[in-house]
Amino acid sequence: MRLLSATIISSTMLAMPAMAQSEESEEGASGNTILVTATRRATTIMDTPINITAVSAEELQRQRIDDIRDIADFTPGVTISDTGGGTTGDIVLRGLNATDVDDFGSNFDDALGIYLGEVPLYYDFKLIDIERVETLLGPQGTLYGLGTLAGAIRYIPNRPDPTAIEGSFHARGYAKSESDDFGYQVDGVINLPIVRDHIAFRSATGYYFDPGYIDYPLLVQEPGISNPQPDGPDSITQAGYDANLFEAEDLNFERTFTSRNQLLFQTDDNLQLLLTYAYQQTKTDGASSNSAGVLGTGVYENASRFEEPVDRHAHLASAQINANIADIVDVVATGAYTETKFDALGDVTDLLLDLDYGYELYPGFAGFFQSDQKRKQKNAEIRFVSSHGGPLSWVLGGFYNENKFNSDYAERLPNHPWGDPATNPEFLEYVSYVESEVKEKAVFGEATFQIIPQWQVTAGARYFDYTSTIAGAAALPFLGDPLDPRELDVNGGDDGQDGWVWKFNTSFDITPDIMIYGTYSKGYRLGGPNRVAPCPPDIPVDPTEYTGDQIICALPNEEQYGPDTTKNLELGIRAQLFDDILSLNFNVFQIKWDGIQVNSATTYGVTGITVNGGTGESEGFETSFVIRPVPQLTIRGTYSYLDAKLTQDVPGLISVNDPAGTYPSAPISIDALDGDRLPGSAKNSGSLGVTYVTPMADGELIANWTAVYRGNVVSRLGYERAFGDLIPSFTTHRASVAYEWDNYTISLWANNIFNNDAIVSVTNDRSRTGLNDGVVLRYYRQVPLNPRTVGVEGRVSF
């Protein structure tokens with residue numbers, strides 16, 4: 001029997017007896033209740049008939065949840081593999097992902113929305129001075145400006161208070177296994193009334209140093225001159241090492257500076273203006289991956305020939321107006337500008353080996369890429385929310401979003417004998433640039449009718465219209481093309497579409513402590529043109545028939561990709577039983593996914609593109625519970641099961657190297673098949689935690705132990721025949737002991753207590769291993785779990 005779709009409304013607010021103390025409870029609600037605003041009104045989790053989890057400020061602090069990478073451990077239905085600080089990461093909601101896992105993560109994902117306050121921005125801002133984090137599973141296009149395919153994650157910051165001076169300071173120090181450095185974090189919050197009751201300023205600023213634990217022992221001393229494998233593909237002698245290579249330790253560190261500043265103007269609670277500026281910069285010098293034993297490297301060693309630094313930052317500036325008009329309607333208007341910049345360098349040698357151009361015939365061959373990307377986003381949203389009371393309530397809004405993307409990319413082969421230093425002094429092998437712009441307009445809304453006090457029905461709709469323009473060019477300087485691709489003919493295209501999405505929801509209170517609900521909704525993700533120049537008309541579709549020079553281009557079926565959509569059916573129940581001793585959430589879901597967008601590569605040049613991969617389905621159930629047998633003891637647990645798979649054969653979707661080829665293989669494409677499991681998400685996942693609170697002297701002693709289980713994950717579609725991995729399941733444990741008194745807290749804590757070195761993700765597939773003309777490939781990588789970390793921290797507030 002098929003499972004019906006939904007997502008767990010496991011509010012982490014249930015996990016700690018004191019975790020919601022910073023929230024004001026509604027009249028009649030328990031003191032442990034968290035208020036959420038996912039429906040655009042302040043309601044309790046128990047009264048919110050959609051799929052939502054809420055992690056409070058206390059839980060963020062006590063579980064040391066610093067950014068989005070830690071959220072999945074406490075949010076059923078979410079899988080996030082920690083691949084380090086180089087990107088925001090890959091976030092998979094309810095299994096809706098068809099792209100290979102990797103060791104690097106993602107800088108942008110339009111399958112879901114990440115919000116800082118009211119502003120959508122796919123970025124991992126640190127969770128300092130955050131009131132709560134809300135995760136909404138399922139499409140949200142009828143409630144939010146940004147339409148989503150899979151869901152949204154909202155960081156709700158504490159707002160300026162014009163009535164009192166307040167602040168806090170927090171410091172953390174720790175040691176990490178496999179690292180020679182100590183980590184630390186310092187952050188502070190200050191709230192200053194400027195004109196009492198009318199103007200206030202609030203700032204939250206912090207600095208993080210997370211020490212690295214991945215060494216790079218095989219860096220080349222002089223690229224293009226030094227031999228990356230001086231003694232062959234199996235081992236390295238000390239003499240060969242000393243003459244050609246060197247080591248850098250702990251390169252996957254993270255250094256992050258973050259600051260969020262808010263200025264509030266208000267006449268009273270009925271009219272407010274909030275100005276926000278947030279900035280964050282993160283730097284690292286290496287990936288959080290190993291090389292699976294290549295040339296004798298270990299679990300925490302990467303065989304890259306080059307250091308792989310990343311420097312990224314984000315700016316956010318926004319203005320928000322909140323107004324109440326005659327107690328009839330609340331108006332929220334937001335305008336924002338965001339900018340993210342991503343600069344990276346990495347080893348490209350294996351890609352060029354894989355293309356088999358013959359560069360490897362020179363023993364000193366080694367190359368690196370440099371990528372500079374910038375994304376600028378402007379958006380505006382206005383929303384009207386009824387406040388007149390009565391059986392009918394409604395939300396109506398309008399949204400505009402403009403997203404500009406710029407990418408400059410270059411590959412260099414320093415000192416390679418094919419390069420001409422007179423005409424190509426930087427030894428550029430390949431250069432490209434891409435410019436794109438996507439504009440979206442939408443109107444959206446919902447109406448809810450309270451038929452009787454226990455039963456409500458909601459219907460919502462969204463109309464959207466988008467246009468997309470992409471242009472770019474590429475050059476191959478080693479083959480005599482101009483160095484600047486902007487001198488070439490620009491290729492690209494325009495696309496656009498409009499359409500509707502909708503939502504139906506109902507809930508019924510069986511008793512004041514038991515609610516059942518159901519939702520049927522549609523999600524949508526934009527399509528568009530790919531960022532690769534079209535092939536000349538005489539290029540054959542079958543690459544084995546091509547006899548010309550090296551070329552990078554898109555065949556007709558690779559130039560564009562279409563939108564994808566989901567239809568979501570979900571049923572759930574929430575209950576608070578036995579005088580709140582037991583809190584229980586359970587739901588089942590079924591999602592139909594059509595036109596799946598999948599990362600792939602061009603036939604000519606193996607340049608990244610997006611294609612549509614047929615249809616899929618995700619179904620399962622999620623549950624959470626909290627038991628408080630006595631006031632001092634809390635036992636909490638979560639569990640989710642999902643079965644996400646293709647439901648249609650898709651010819652030629654998966655790129656592999658043919659084991660029957662000559663190098664040791666030649667690039668081919670194989671079919672994705674009906675029933676192939678979707679990659680990137682665990683079928684089974686869950687957590688179990690125990691918290692005990694007891695009075696001690698003038699304060700409280702709080703002890704916590706939490707175990708988190710992540711089931712196995714497949715690395716790519718058709719992993720068994722496509723040389724992918726079934727990444728094994730693993731369990732981690734974390735614990736803390738804290739003493740809280742007055743406005744002070746001090747604690748001892750540990751993560752990954754048993755130092756599990758499980759693999760959380762991999763990059764590339766095992767068909768890209770072996771030798772090419774005697775050169776060992778280092779394409780394939782594995783990401784080990786963050787090793788055991790033990791520390792102490794203190795916090796003071798005033």
# chains A, B, ... in the order shown; residues from 1 in each chain; ligands from 1
>>> residues_around(residues="stretch 237-251 of chain A", least_positions_apart="3", cutoff="9 Å", atoms="only C-alpha atoms", output="MDAnalysis selection string")
chainID A and resid 178:181 211:222 225:231 254 284:288 301 305 307:309
>>> write_last_selection(atoms="N, CA and C atoms", output="compact mmCIF listing (two decimals), in the first residue's frame")
# COMPACT_ATOMS: atom_id res chain seq x y z
N GLU A 178 42.61 14.76 15.07
CA GLU A 178 43.22 14.86 13.75
C GLU A 178 43.65 16.28 13.38
N SER A 179 43.50 17.24 14.29
CA SER A 179 43.90 18.61 14.01
C SER A 179 44.98 19.05 14.98
N ASP A 180 45.91 19.86 14.50
CA ASP A 180 46.96 20.40 15.35
C ASP A 180 46.57 21.73 15.98
N ASP A 181 45.44 22.29 15.59
CA ASP A 181 45.02 23.61 16.08
C ASP A 181 43.84 23.47 17.03
N PRO A 211 39.09 24.50 13.24
CA PRO A 211 40.36 23.99 12.73
C PRO A 211 40.16 22.88 11.70
N GLY A 212 41.07 22.83 10.75
CA GLY A 212 41.01 21.79 9.74
C GLY A 212 41.57 20.47 10.26
N TYR A 213 41.24 19.40 9.54
CA TYR A 213 41.72 18.06 9.90
C TYR A 213 42.10 17.25 8.67
N ILE A 214 42.07 17.87 7.48
CA ILE A 214 42.48 17.20 6.25
C ILE A 214 43.83 17.76 5.81
N ASP A 215 44.82 16.88 5.69
CA ASP A 215 46.15 17.27 5.22
C ASP A 215 46.25 17.05 3.71
N TYR A 216 47.08 17.86 3.07
CA TYR A 216 47.39 17.73 1.65
C TYR A 216 48.88 17.38 1.54
N PRO A 217 49.25 16.08 1.54
CA PRO A 217 50.66 15.70 1.57
C PRO A 217 51.35 15.62 0.21
N LEU A 218 50.60 15.78 -0.89
CA LEU A 218 51.17 15.54 -2.22
C LEU A 218 51.11 16.79 -3.10
N LEU A 219 51.29 17.97 -2.53
CA LEU A 219 51.30 19.20 -3.30
C LEU A 219 52.58 19.31 -4.11
N VAL A 220 52.46 19.76 -5.36
CA VAL A 220 53.64 19.88 -6.21
C VAL A 220 54.41 21.16 -5.86
N GLN A 221 55.74 21.05 -5.82
CA GLN A 221 56.56 22.20 -5.46
C GLN A 221 56.53 23.26 -6.55
N GLU A 222 56.71 22.86 -7.80
CA GLU A 222 56.71 23.80 -8.92
C GLU A 222 55.81 23.23 -10.01
N ILE A 225 56.68 21.54 -13.53
CA ILE A 225 58.09 21.14 -13.51
C ILE A 225 58.26 19.92 -12.60
N SER A 226 57.74 20.04 -11.37
CA SER A 226 57.80 18.91 -10.44
C SER A 226 56.91 17.77 -10.93
N ASN A 227 57.33 16.55 -10.68
CA ASN A 227 56.57 15.37 -11.10
C ASN A 227 55.58 15.00 -9.99
N PRO A 228 54.27 15.03 -10.27
CA PRO A 228 53.28 14.72 -9.21
C PRO A 228 53.36 13.29 -8.69
N GLN A 229 53.88 12.36 -9.47
CA GLN A 229 54.08 10.99 -8.99
C GLN A 229 55.48 10.55 -9.44
N PRO A 230 56.49 11.00 -8.74
CA PRO A 230 57.87 10.85 -9.21
C PRO A 230 58.35 9.41 -9.32
N ASP A 231 57.71 8.48 -8.62
CA ASP A 231 58.17 7.09 -8.64
C ASP A 231 57.10 6.14 -9.15
N GLU A 254 37.96 26.48 8.70
CA GLU A 254 36.96 27.51 8.34
C GLU A 254 37.19 28.74 9.20
N THR A 284 38.53 29.21 3.47
CA THR A 284 39.16 27.93 3.75
C THR A 284 40.22 27.70 2.70
N ASP A 285 41.13 26.75 2.95
CA ASP A 285 42.19 26.48 1.99
C ASP A 285 42.13 25.07 1.42
N GLY A 286 41.10 24.30 1.77
CA GLY A 286 41.04 22.94 1.24
C GLY A 286 39.68 22.31 1.42
N ALA A 287 39.47 21.21 0.69
CA ALA A 287 38.22 20.46 0.77
C ALA A 287 38.24 19.53 1.97
N SER A 288 37.05 19.14 2.44
CA SER A 288 36.93 18.23 3.59
C SER A 288 36.82 16.79 3.12
N GLU A 301 43.58 12.49 4.57
CA GLU A 301 44.57 13.04 3.65
C GLU A 301 43.99 13.14 2.25
N ARG A 305 46.99 17.91 -6.08
CA ARG A 305 48.31 18.45 -6.44
C ARG A 305 48.43 19.92 -6.07
N GLU A 307 46.75 23.25 -3.46
CA GLU A 307 45.83 23.72 -2.43
C GLU A 307 44.54 24.19 -3.11
N GLU A 308 43.41 24.14 -2.37
CA GLU A 308 42.10 24.42 -2.97
C GLU A 308 41.35 25.45 -2.13
N PRO A 309 41.83 26.70 -2.15
CA PRO A 309 41.21 27.73 -1.31
C PRO A 309 39.85 28.19 -1.84
>>> residues_around(residues="A:Phe342", least_positions_apart="4", cutoff="6 Å", atoms="only C-alpha atoms", output="count of residues only")
3
>>> closest_residue(among="A:Gln597, A:Ser687, A:Thr603, A:Asn51", to="A:Phe625", atoms="only C-alpha atoms")
A:Ser687
>>> residues_around(residues="A:Glu118", least_positions_apart="5", cutoff="9 Å", atoms="only C-alpha atoms", output="list in words")
Arg154, Tyr155, Ile156, Ser318, Gln320, Thr334 and Glu381 of chain A
>>> write_last_selection(atoms="C-alpha atoms", output="compact mmCIF listing (two decimals), in the first residue's frame")
# COMPACT_ATOMS: atom_id res chain seq x y z
CA ARG A 154 13.52 30.40 7.78
CA TYR A 155 15.96 32.03 10.19
CA ILE A 156 13.88 34.27 12.45
CA SER A 318 16.73 45.18 3.33
CA GLN A 320 10.72 46.18 5.90
CA THR A 334 9.89 44.25 2.04
CA GLU A 381 7.30 41.63 -1.66
>>> closest_residue(among="A:Phe578, A:Phe621, A:Tyr561, A:Phe508", to="A:Ser468", atoms="only C-alpha atoms")
A:Tyr561
>>> residues_around(residues="stretch 688-705 of chain A", least_positions_apart="6", cutoff="10 Å", atoms="only C-alpha atoms", output="JSON, numbers by chain")
{"A": [15, 16, 17, 18, 62, 63, 74, 624, 625, 626, 627, 628, 630, 631, 632, 633, 634, 635, 636, 637, 638, 639, 733, 734, 735, 736, 737, 738, 739, 740, 741, 742, 743, 744, 745, 746, 747, 748, 749, 750]}
>>> residues_around(residues="A:Gly548", least_positions_apart="4", cutoff="12 Å", atoms="only C-alpha atoms", output="PyMOL selection string")
chain A and resi 536+538-540+543-544+552+604
>>> atom_distance(atom1="atom CA of A:Arg778", atom2="atom CA of A:Ser729")
24.8 Å
>>> closest_residue(among="A:Ile382, A:Ser600, A:Asn612, A:Leu143", to="A:Val395", atoms="only C-alpha atoms")
A:Leu143
>>> residues_around(residues="A:Trp394", least_positions_apart="3", cutoff="7 Å", atoms="only C-alpha atoms", output="number ranges by chain")
A: 385-386, 446-448
>>> write_last_selection(atoms="N, CA and C atoms", output="tab-separated table (two decimals), in the first residue's frame")
chain	number	residue	atom	x	y	z
A	385	VAL	N	-2.40	40.71	5.27
A	385	VAL	CA	-2.88	39.62	6.11
A	385	VAL	C	-4.07	40.12	6.91
A	386	SER	N	-5.18	39.45	6.80
A	386	SER	CA	-6.39	39.91	7.48
A	386	SER	C	-6.21	39.88	8.99
A	446	GLU	N	-3.93	32.98	0.08
A	446	GLU	CA	-4.68	31.90	0.68
A	446	GLU	C	-5.89	32.47	1.41
A	447	ALA	N	-6.93	31.66	1.50
A	447	ALA	CA	-8.10	32.02	2.31
A	447	ALA	C	-8.49	30.82	3.17
A	448	THR	N	-8.80	31.09	4.42
A	448	THR	CA	-9.17	30.03	5.37
A	448	THR	C	-10.55	30.32	5.92
>>> residues_around(residues="A:Gly724", least_positions_apart="3", cutoff="7 Å", atoms="only C-alpha atoms", output="mmCIF file with C-alpha atoms, in the first residue's frame")
data_model
loop_
_atom_site.group_PDB
_atom_site.id
_atom_site.type_symbol
_atom_site.label_atom_id
_atom_site.label_comp_id
_atom_site.auth_asym_id
_atom_site.auth_seq_id
_atom_site.Cartn_x
_atom_site.Cartn_y
_atom_site.Cartn_z
ATOM 1 C CA SER A 715 25.754 8.554 -4.442
ATOM 2 C CA ARG A 716 24.079 8.659 -7.861
ATOM 3 C CA TYR A 719 24.642 3.497 -8.502
ATOM 4 C CA GLU A 720 25.177 -0.265 -8.852
ATOM 5 C CA ASP A 765 32.219 7.631 -9.458
ATOM 6 C CA ARG A 766 34.526 4.639 -9.434
#
>>> closest_residue(among="A:Ser235, A:Thr769, A:Ser655, A:Thr423", to="A:Leu295", atoms="only C-alpha atoms")
A:Ser235
>>> closest_residue(among="A:Ser56, A:Gly151, A:Cys553, A:Thr79", to="A:Glu131", atoms="only C-alpha atoms")
A:Ser56
>>> decode(residues="stretch 451-489 of chain A", atoms="C-alpha atoms", output="compact mmCIF listing (two decimals), in the first residue's frame")
# COMPACT_ATOMS: atom_id res chain seq x y z
CA ILE A 451 -16.59 26.11 9.29
CA ILE A 452 -17.00 25.24 12.96
CA PRO A 453 -14.55 25.96 15.81
CA GLN A 454 -12.93 22.53 15.34
CA TRP A 455 -12.77 22.45 11.52
CA GLN A 456 -11.07 24.78 9.04
CA VAL A 457 -10.57 24.62 5.27
CA THR A 458 -7.86 26.53 3.38
CA ALA A 459 -7.38 27.07 -0.34
CA GLY A 460 -4.52 28.95 -1.99
CA ALA A 461 -3.15 29.76 -5.42
CA ARG A 462 -0.16 31.43 -7.05
CA TYR A 463 0.31 32.84 -10.52
CA PHE A 464 3.90 33.32 -11.71
CA ASP A 465 5.60 34.61 -14.83
CA TYR A 466 9.35 34.43 -15.41
CA THR A 467 11.87 35.25 -18.13
CA SER A 468 15.43 33.98 -18.36
CA THR A 469 18.35 35.27 -20.44
CA ILE A 470 21.74 33.57 -20.56
CA ALA A 471 24.81 34.37 -22.68
CA GLY A 472 28.41 33.24 -22.69
CA ALA A 473 31.40 32.03 -24.63
CA ALA A 474 34.49 29.88 -24.20
CA ALA A 475 38.01 29.79 -25.64
CA LEU A 476 40.79 27.21 -25.83
CA PRO A 477 44.06 29.20 -25.82
CA PHE A 478 46.29 26.11 -26.04
CA LEU A 479 44.77 25.49 -29.48
CA GLY A 480 45.19 29.06 -30.68
CA ASP A 481 41.84 30.65 -29.76
CA PRO A 482 41.81 34.24 -28.44
CA LEU A 483 42.57 34.37 -24.72
CA ASP A 484 39.45 36.37 -23.90
CA PRO A 485 36.21 34.50 -24.67
CA ARG A 486 34.45 37.85 -24.94
CA GLU A 487 36.21 38.25 -28.27
CA LEU A 488 34.31 35.24 -29.59
CA ASP A 489 30.77 35.04 -30.85
